[in-house]
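Source file: target-v1.cif (mmCIF, C-alpha atoms)
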data_upload
#
loop_
_atom_site.label_atom_id
_atom_site.label_comp_id
_atom_site.auth_asym_id
_atom_site.auth_seq_id
_atom_site.Cartn_x
_atom_site.Cartn_y
_atom_site.Cartn_z
CA MET A 19 -10.16 29.81 9.74
CA GLY A 20 -12.74 31.56 11.88
CA ASN A 21 -12.72 32.24 15.60
CA GLY A 22 -16.38 31.63 16.31
CA THR A 23 -17.50 28.03 16.70
CA SER A 24 -15.16 25.35 18.01
CA ILE A 25 -15.05 23.57 14.62
CA GLY A 26 -14.27 26.91 12.97
CA ARG A 27 -11.28 27.42 15.25
CA VAL A 28 -9.64 24.10 14.34
CA ARG A 29 -10.48 23.87 10.64
CA GLY A 30 -7.38 24.07 8.44
CA LEU A 31 -4.95 23.20 11.22
CA GLY A 32 -2.93 20.00 11.51
CA SER A 33 0.00 18.95 9.38
CA ALA A 34 -2.15 18.38 6.29
CA LYS A 35 -4.48 21.44 6.71
CA SER A 36 -7.47 19.54 5.27
CA GLY A 37 -8.25 15.92 4.72
CA THR A 38 -11.80 14.55 4.50
CA HIS A 39 -11.58 13.95 0.76
CA HIS A 40 -8.11 12.42 1.16
CA TRP A 41 -9.38 10.18 3.96
CA LEU A 42 -12.30 8.93 1.87
CA LEU A 43 -10.14 8.27 -1.20
CA GLN A 44 -7.72 6.32 1.00
CA ARG A 45 -10.65 4.06 1.99
CA PHE A 46 -12.05 3.71 -1.52
CA THR A 47 -8.68 2.74 -2.95
CA ALA A 48 -8.10 0.42 0.04
CA ILE A 49 -11.26 -1.49 -0.89
CA GLY A 50 -10.01 -1.67 -4.48
CA ASN A 51 -6.63 -2.94 -3.31
CA LEU A 52 -8.25 -5.53 -1.04
CA LEU A 53 -10.25 -7.03 -3.91
CA LEU A 54 -7.60 -6.72 -6.62
CA VAL A 55 -4.49 -7.87 -4.71
CA LEU A 56 -6.41 -10.83 -3.28
CA TRP A 57 -7.44 -11.61 -6.87
CA LEU A 58 -3.74 -11.49 -7.85
CA ALA A 59 -2.73 -13.70 -4.90
CA VAL A 60 -5.39 -16.29 -5.79
CA SER A 61 -4.46 -16.11 -9.49
CA ILE A 62 -0.79 -16.75 -8.70
CA GLN A 63 -1.87 -19.84 -6.76
CA LEU A 64 -4.18 -21.08 -9.52
CA LEU A 65 -1.82 -20.62 -12.49
CA PRO A 66 -0.27 -23.96 -13.46
CA ASP A 67 3.20 -22.35 -13.26
CA LEU A 68 4.80 -18.91 -13.32
CA SER A 69 6.79 -19.31 -16.54
CA TYR A 70 6.81 -16.63 -19.24
CA PRO A 71 4.38 -18.34 -21.68
CA THR A 72 1.86 -19.19 -18.96
CA VAL A 73 1.84 -15.77 -17.29
CA SER A 74 1.96 -13.68 -20.47
CA GLU A 75 -0.86 -15.67 -22.11
CA TRP A 76 -2.95 -15.39 -18.96
CA LEU A 77 -2.37 -11.65 -18.60
CA ALA A 78 -3.22 -11.08 -22.27
CA THR A 79 -6.80 -12.32 -21.81
CA PRO A 80 -9.40 -9.58 -21.24
CA VAL A 81 -10.48 -10.04 -17.61
CA PRO A 82 -7.01 -10.51 -16.09
CA ALA A 83 -5.68 -7.62 -18.22
CA VAL A 84 -8.40 -5.24 -17.00
CA ALA A 85 -8.05 -6.43 -13.40
CA MET A 86 -4.28 -5.93 -13.52
CA ALA A 87 -4.62 -2.44 -15.03
CA LEU A 88 -7.12 -1.55 -12.28
CA LEU A 89 -4.78 -3.07 -9.68
CA VAL A 90 -1.94 -0.84 -10.87
CA VAL A 91 -4.12 2.30 -10.73
CA SER A 92 -5.66 1.46 -7.35
CA THR A 93 -2.40 0.49 -5.63
CA PHE A 94 -0.45 3.48 -7.00
CA TRP A 95 -3.24 5.84 -6.02
CA HIS A 96 -3.41 4.35 -2.52
CA ALA A 97 0.39 4.41 -2.19
CA ARG A 98 0.48 8.03 -3.30
CA LEU A 99 -2.09 9.00 -0.65
CA GLY A 100 -0.31 7.02 2.06
CA MET A 101 3.16 8.35 1.30
CA GLN A 102 1.73 11.87 1.25
CA VAL A 103 0.67 11.40 4.88
CA MET A 104 4.13 10.16 5.81
CA ILE A 105 5.73 13.19 4.12
CA GLU A 106 3.33 15.59 5.84
CA ASP A 107 4.17 14.04 9.20
CA TYR A 108 7.96 13.95 8.87
CA VAL A 109 8.95 16.77 6.50
CA HIS A 110 8.23 19.96 8.42
CA GLU A 111 9.89 22.63 6.29
CA HIS A 112 7.31 23.97 3.87
CA ALA A 113 9.46 24.11 0.71
CA ASN A 114 10.90 20.63 1.32
CA LYS A 115 7.41 19.25 1.92
CA PHE A 116 6.22 20.79 -1.34
CA ALA A 117 9.21 19.34 -3.22
CA CYS A 118 8.67 15.87 -1.72
CA ILE A 119 4.99 15.82 -2.63
CA ALA A 120 5.74 17.09 -6.13
CA ALA A 121 8.28 14.27 -6.58
CA LEU A 122 5.81 11.78 -5.14
CA ASN A 123 3.15 12.85 -7.64
CA LEU A 124 5.56 12.47 -10.55
CA ALA A 125 6.71 9.02 -9.37
CA ALA A 126 3.17 7.79 -8.72
CA PHE A 127 1.84 8.89 -12.11
CA ALA A 128 4.92 7.61 -13.94
CA GLY A 129 4.77 4.23 -12.17
CA ALA A 130 1.06 3.77 -12.79
CA ALA A 131 1.41 4.82 -16.43
CA PHE A 132 4.26 2.35 -16.97
CA GLY A 133 2.30 -0.50 -15.34
CA VAL A 134 -0.87 0.15 -17.33
CA PHE A 135 1.11 0.52 -20.55
CA CYS A 136 2.83 -2.86 -19.98
CA VAL A 137 -0.53 -4.55 -19.46
CA ILE A 138 -2.00 -2.97 -22.59
CA ARG A 139 1.06 -3.95 -24.63
CA LEU A 140 0.70 -7.56 -23.47
CA ALA A 141 -3.07 -7.61 -23.94
CA LEU A 142 -2.88 -6.21 -27.46
CA GLY A 143 -0.38 -8.90 -28.39
CA ALA A 144 2.75 -6.87 -29.08
CA THR A 145 4.98 -9.67 -27.78
CA ALA A 146 2.87 -12.64 -28.85
CA MET B 13 -6.21 36.86 16.12
CA ALA B 14 -6.15 33.68 14.19
CA ASN B 15 -2.38 33.36 13.90
CA ALA B 16 -1.55 34.17 17.50
CA GLY B 17 -3.56 31.13 18.53
CA THR B 18 -1.91 28.76 16.10
CA ARG B 19 1.66 29.41 17.20
CA ASN B 20 2.99 27.75 20.34
CA ARG B 21 -0.01 25.51 20.51
CA PRO B 22 0.64 22.55 22.81
CA LEU B 23 1.74 19.46 20.89
CA SER B 24 0.37 16.07 21.78
CA PRO B 25 2.91 14.04 23.74
CA HIS B 26 5.02 11.78 21.59
CA LEU B 27 5.34 7.99 21.79
CA GLN B 28 7.68 7.71 24.77
CA ILE B 29 5.16 9.37 27.12
CA TRP B 30 2.59 6.57 26.81
CA ARG B 31 2.61 3.11 28.30
CA TRP B 32 3.27 0.70 25.47
CA GLY B 33 0.41 -1.36 24.08
CA PRO B 34 -0.03 -3.59 21.02
CA HIS B 35 -2.17 -0.96 19.25
CA MET B 36 0.88 1.34 19.09
CA PHE B 37 2.95 -1.40 17.50
CA VAL B 38 0.16 -2.08 14.98
CA SER B 39 -0.01 1.61 14.08
CA ILE B 40 3.74 1.75 13.46
CA MET B 41 3.69 -1.51 11.49
CA HIS B 42 0.80 -0.23 9.37
CA ARG B 43 2.93 2.73 8.29
CA VAL B 44 6.10 0.66 7.86
CA THR B 45 4.43 -2.08 5.81
CA GLY B 46 2.42 0.45 3.79
CA ASN B 47 5.44 2.49 2.78
CA GLY B 48 7.47 -0.68 2.28
CA LEU B 49 4.81 -1.95 -0.11
CA ALA B 50 4.73 1.40 -1.91
CA LEU B 51 8.50 1.33 -2.50
CA ALA B 52 9.49 -2.34 -2.77
CA GLY B 53 6.13 -3.96 -3.56
CA LEU B 54 5.18 -1.64 -6.39
CA GLY B 55 8.77 -1.68 -7.63
CA VAL B 56 8.74 -5.46 -8.00
CA LEU B 57 5.24 -5.34 -9.51
CA LEU B 58 6.47 -2.91 -12.19
CA TRP B 59 9.56 -5.02 -12.82
CA TRP B 60 7.34 -8.09 -13.26
CA LEU B 61 4.93 -6.32 -15.63
CA GLY B 62 7.79 -4.63 -17.49
CA ALA B 63 9.58 -7.97 -17.93
CA LEU B 64 6.36 -9.59 -19.18
CA ALA B 65 5.81 -6.79 -21.67
CA SER B 66 9.47 -6.85 -22.81
CA GLY B 67 9.66 -10.54 -23.67
CA PRO B 68 11.13 -13.90 -22.57
CA ALA B 69 14.72 -12.68 -22.09
CA ALA B 70 13.71 -9.89 -19.71
CA TYR B 71 11.37 -12.28 -17.89
CA GLU B 72 14.26 -14.73 -17.50
CA THR B 73 16.32 -12.04 -15.77
CA PHE B 74 13.40 -11.18 -13.46
CA ALA B 75 12.75 -14.85 -12.66
CA TRP B 76 16.45 -15.41 -11.95
CA ALA B 77 16.64 -12.41 -9.61
CA MET B 78 13.49 -13.40 -7.72
CA THR B 79 14.63 -16.99 -7.15
CA THR B 80 17.99 -16.04 -5.62
CA PRO B 81 18.04 -16.12 -1.79
CA LEU B 82 17.81 -12.32 -1.71
CA GLY B 83 14.94 -12.45 -4.19
CA TYR B 84 13.01 -14.85 -1.97
CA ILE B 85 13.63 -12.62 1.06
CA VAL B 86 12.23 -9.66 -0.91
CA LEU B 87 9.19 -11.60 -2.14
CA VAL B 88 8.41 -13.12 1.27
CA GLY B 89 8.89 -9.66 2.79
CA ILE B 90 6.50 -8.08 0.29
CA SER B 91 3.86 -10.78 0.84
CA TRP B 92 4.19 -10.46 4.63
CA ALA B 93 3.94 -6.67 4.35
CA PHE B 94 0.83 -7.03 2.21
CA PHE B 95 -0.99 -9.48 4.50
CA THR B 96 -0.02 -7.52 7.62
CA HIS B 97 -1.07 -4.22 6.04
CA MET B 98 -4.29 -5.87 4.86
CA MET B 99 -5.14 -7.12 8.35
CA SER B 100 -4.34 -3.83 10.08
CA GLY B 101 -6.19 -2.05 7.26
CA LEU B 102 -9.27 -4.18 7.91
CA ARG B 103 -8.88 -3.24 11.57
CA HIS B 104 -8.93 0.40 10.47
CA PHE B 105 -12.27 -0.17 8.73
CA VAL B 106 -13.69 -1.56 11.98
CA LEU B 107 -12.31 1.38 13.98
CA ASP B 108 -13.71 3.76 11.31
CA ILE B 109 -17.26 2.67 12.08
CA GLY B 110 -16.63 3.39 15.76
CA ALA B 111 -16.25 -0.20 16.94
CA GLY B 112 -13.39 -2.01 18.64
CA TYR B 113 -12.23 0.70 21.02
CA GLU B 114 -12.95 -1.24 24.22
CA LEU B 115 -9.57 -1.88 25.86
CA LYS B 116 -9.72 -5.64 25.81
CA ALA B 117 -11.17 -5.98 22.29
CA ASN B 118 -8.72 -3.41 20.98
CA LYS B 119 -5.76 -5.26 22.46
CA THR B 120 -6.94 -8.65 21.23
CA TRP B 121 -7.51 -7.51 17.66
CA SER B 122 -4.27 -5.55 17.59
CA ILE B 123 -2.34 -8.72 18.40
CA LEU B 124 -4.48 -10.82 16.04
CA THR B 125 -3.80 -8.57 13.02
CA GLN B 126 -0.06 -9.21 13.37
CA VAL B 127 -0.47 -12.94 13.99
CA LEU B 128 -2.90 -13.35 11.08
CA GLY B 129 -0.54 -11.40 8.83
CA VAL B 130 2.25 -13.90 9.53
CA LEU B 131 -0.08 -16.92 9.25
CA LEU B 132 -1.50 -15.78 5.90
CA THR B 133 2.04 -15.22 4.60
CA ALA B 134 3.03 -18.74 5.72
CA ALA B 135 -0.13 -20.22 4.18
CA PHE B 136 0.45 -18.37 0.89
CA TRP B 137 4.01 -19.68 0.52
CA ALA B 138 3.13 -23.17 1.72
CA LEU B 139 0.40 -23.38 -0.93
CA LEU B 140 2.68 -21.98 -3.61
CA LEU B 141 5.74 -24.12 -2.90
CA LEU B 142 4.03 -27.38 -1.96
CA ARG B 143 1.51 -27.61 -4.79
#
Entire entry expressed as structure tokens:
Amino acid sequence: MGNGTSIGRVRGLGSAKSGTHHWLLQRFTAIGNLLLVLWLAVSIQLLPDLSYPTVSEWLATPVPAVAMALLVVSTFWHARLGMQVMIEDYVHEHANKFACIAALNLAAFAGAAFGVFCVIRLALGATA
Amino acid sequence: MANAGTRNRPLSPHLQIWRWGPHMFVSIMHRVTGNGLALAGLGVLLWWLGALASGPAAYETFAWAMTTPLGYIVLVGISWAFFTHMMSGLRHFVLDIGAGYELKANKTWSILTQVLGVLLTAAFWALLLLR
């Protein structure tokens, strides 16, 4: 942080310290979520029923499988970014904030990995 | 003296200082629905995918849980949170490009995001249950 120009005096302040990259990623993943969750909502409407055979056969075909894997990655990424902002706003003590964000990262990666793995398992026919 | 300036800096006034407007409600709802979706929405999504990947018995348990009254409340809640978050998120995109800050337009669209969120939820469930 400098003390020359006005932008130099404010850079690095605020609860998050920096954020342009975070802000952009939040938008990129939001666009992904918009497309993919609407795809899921329309798919749920178009499936003849929501029984196990119908849904598992549908999700095992290539395009729905890829879309669902992308949906999992995009939504977990977006959720991770959004919850980070909430933590930065409400958890003020530095060590607690660090612990919360570390836990958030673990949960987000674990959740996304589990979701993608389930889709791959279905798509590759492990339960067929 | 970089640090001397950063301590005791004036904080922006908190919520109770301002006269209430719909945009404040939308901002709060965006955070509430977003974090609700992150916790409950993604949880149910993982349960659904996990049940599908585990086989018919696990899917049966999931389907049973989601068709109990509590299950329906959770699913309707998640869908409402999604559509509301989607509408206020789209509003964010408009605000990001520098549009929609005029008082009247801002108020109108703030209210509309919430109304459209509820209407889309109702339409989604009507289509699903009445087909």
May I have the residues of chain A within 6 Å of chain B, counting all atoms listed in the file, written as a VMD selection string?
chain A and resid 63 97 133 136 140
For each of A:Val109, A:Val84, A:Leu142, A:Phe94, take the minimum atom-to-atom distance to A:Ala125, counting all atoms listed in the file, then give the residue where this is smallest.
A:Phe94
Enumerate, as a count of residues only, the protein, DNA and RNA residues whose atoms approach (-10.0, 7.7, -2.3) to within 12 Å, taking into account only C-alpha atoms and the coordinate frame of the file.
25
Atom CA of A:Ala34 to atom CA of A:Ala121, straight-line distance in Å:
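Computing the Euclidean distance for atom CA of A:Ala121 and atom CA of A:Ala34 yields 17.1 Å.
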Quick one, how far is atom CA of A:Ala78 from atom CA of B:Thr80?
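Taking atom CA of A:Ala78 and atom CA of B:Thr80, their separation equals 27.4 Å.
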Any idea what the distance is between atom CA of B:Pro34 and atom CA of B:Lys119?
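We find that atom CA of B:Pro34 and atom CA of B:Lys119 lie 6.1 Å from each other.
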Which centre and edge lengths in Å to one decimal define the box along x, y and z that fits every listed atom of stretch 64-74 of chain A plus 4 Å per side, as AutoDock Vina command-line options?
--center_x 1.3 --center_y -18.8 --center_z -15.6 --size_x 19.0 --size_y 18.3 --size_z 20.2
I'd like to see the residues matched by the PyMOL selection byres ((chain B and resi 100) around 10) on this file, and ideally I'd get them as number ranges by chain.
B: 35, 38-39, 41-43, 45, 94-99, 101-106, 121-126, 128-129
Out of A:Lys115, A:Val90, A:Val103, A:His110, which residue has the shortest atom-to-atom distance to A:Ala131 when counting only C-alpha atoms?
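Comparing A:Lys115, A:Val90, A:Val103, A:His110 against A:Ala131, the winner is A:Val90.
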So that I can check the surroundings of A:Ile119, please list as a ChimeraX atom specification every protein, DNA and RNA residue that reaches within 9 Å of it, counting only C-alpha atoms and ignoring chain neighbours fewer than 6 positions away.
/A:101-102,105-106
Let me make sure I understand: among A:Pro66, A:Gly30, A:Pro71, A:Pro80, which one has the smallest atom-to-atom distance to A:Ala141 if we use all atoms listed in the file?
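Closest candidate: A:Pro80.
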Under the PyMOL selection byres ((chain A and resi 61) around 12), which residues of this model are included? Write them out as a list in words.
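Taken on the displayed file, the PyMOL selection byres ((chain A and resi 61) around 12) yields the residues Leu54, Val55, Leu56, Trp57, Leu58, Ala59, Val60, Ile62, Gln63, Leu64, Leu65, Pro66, Asp67, Leu68, Thr72, Val73, Trp76, Leu77, Val81, Pro82, Ala85 and Met86 of chain A; Phe136 and Leu140 of chain B.
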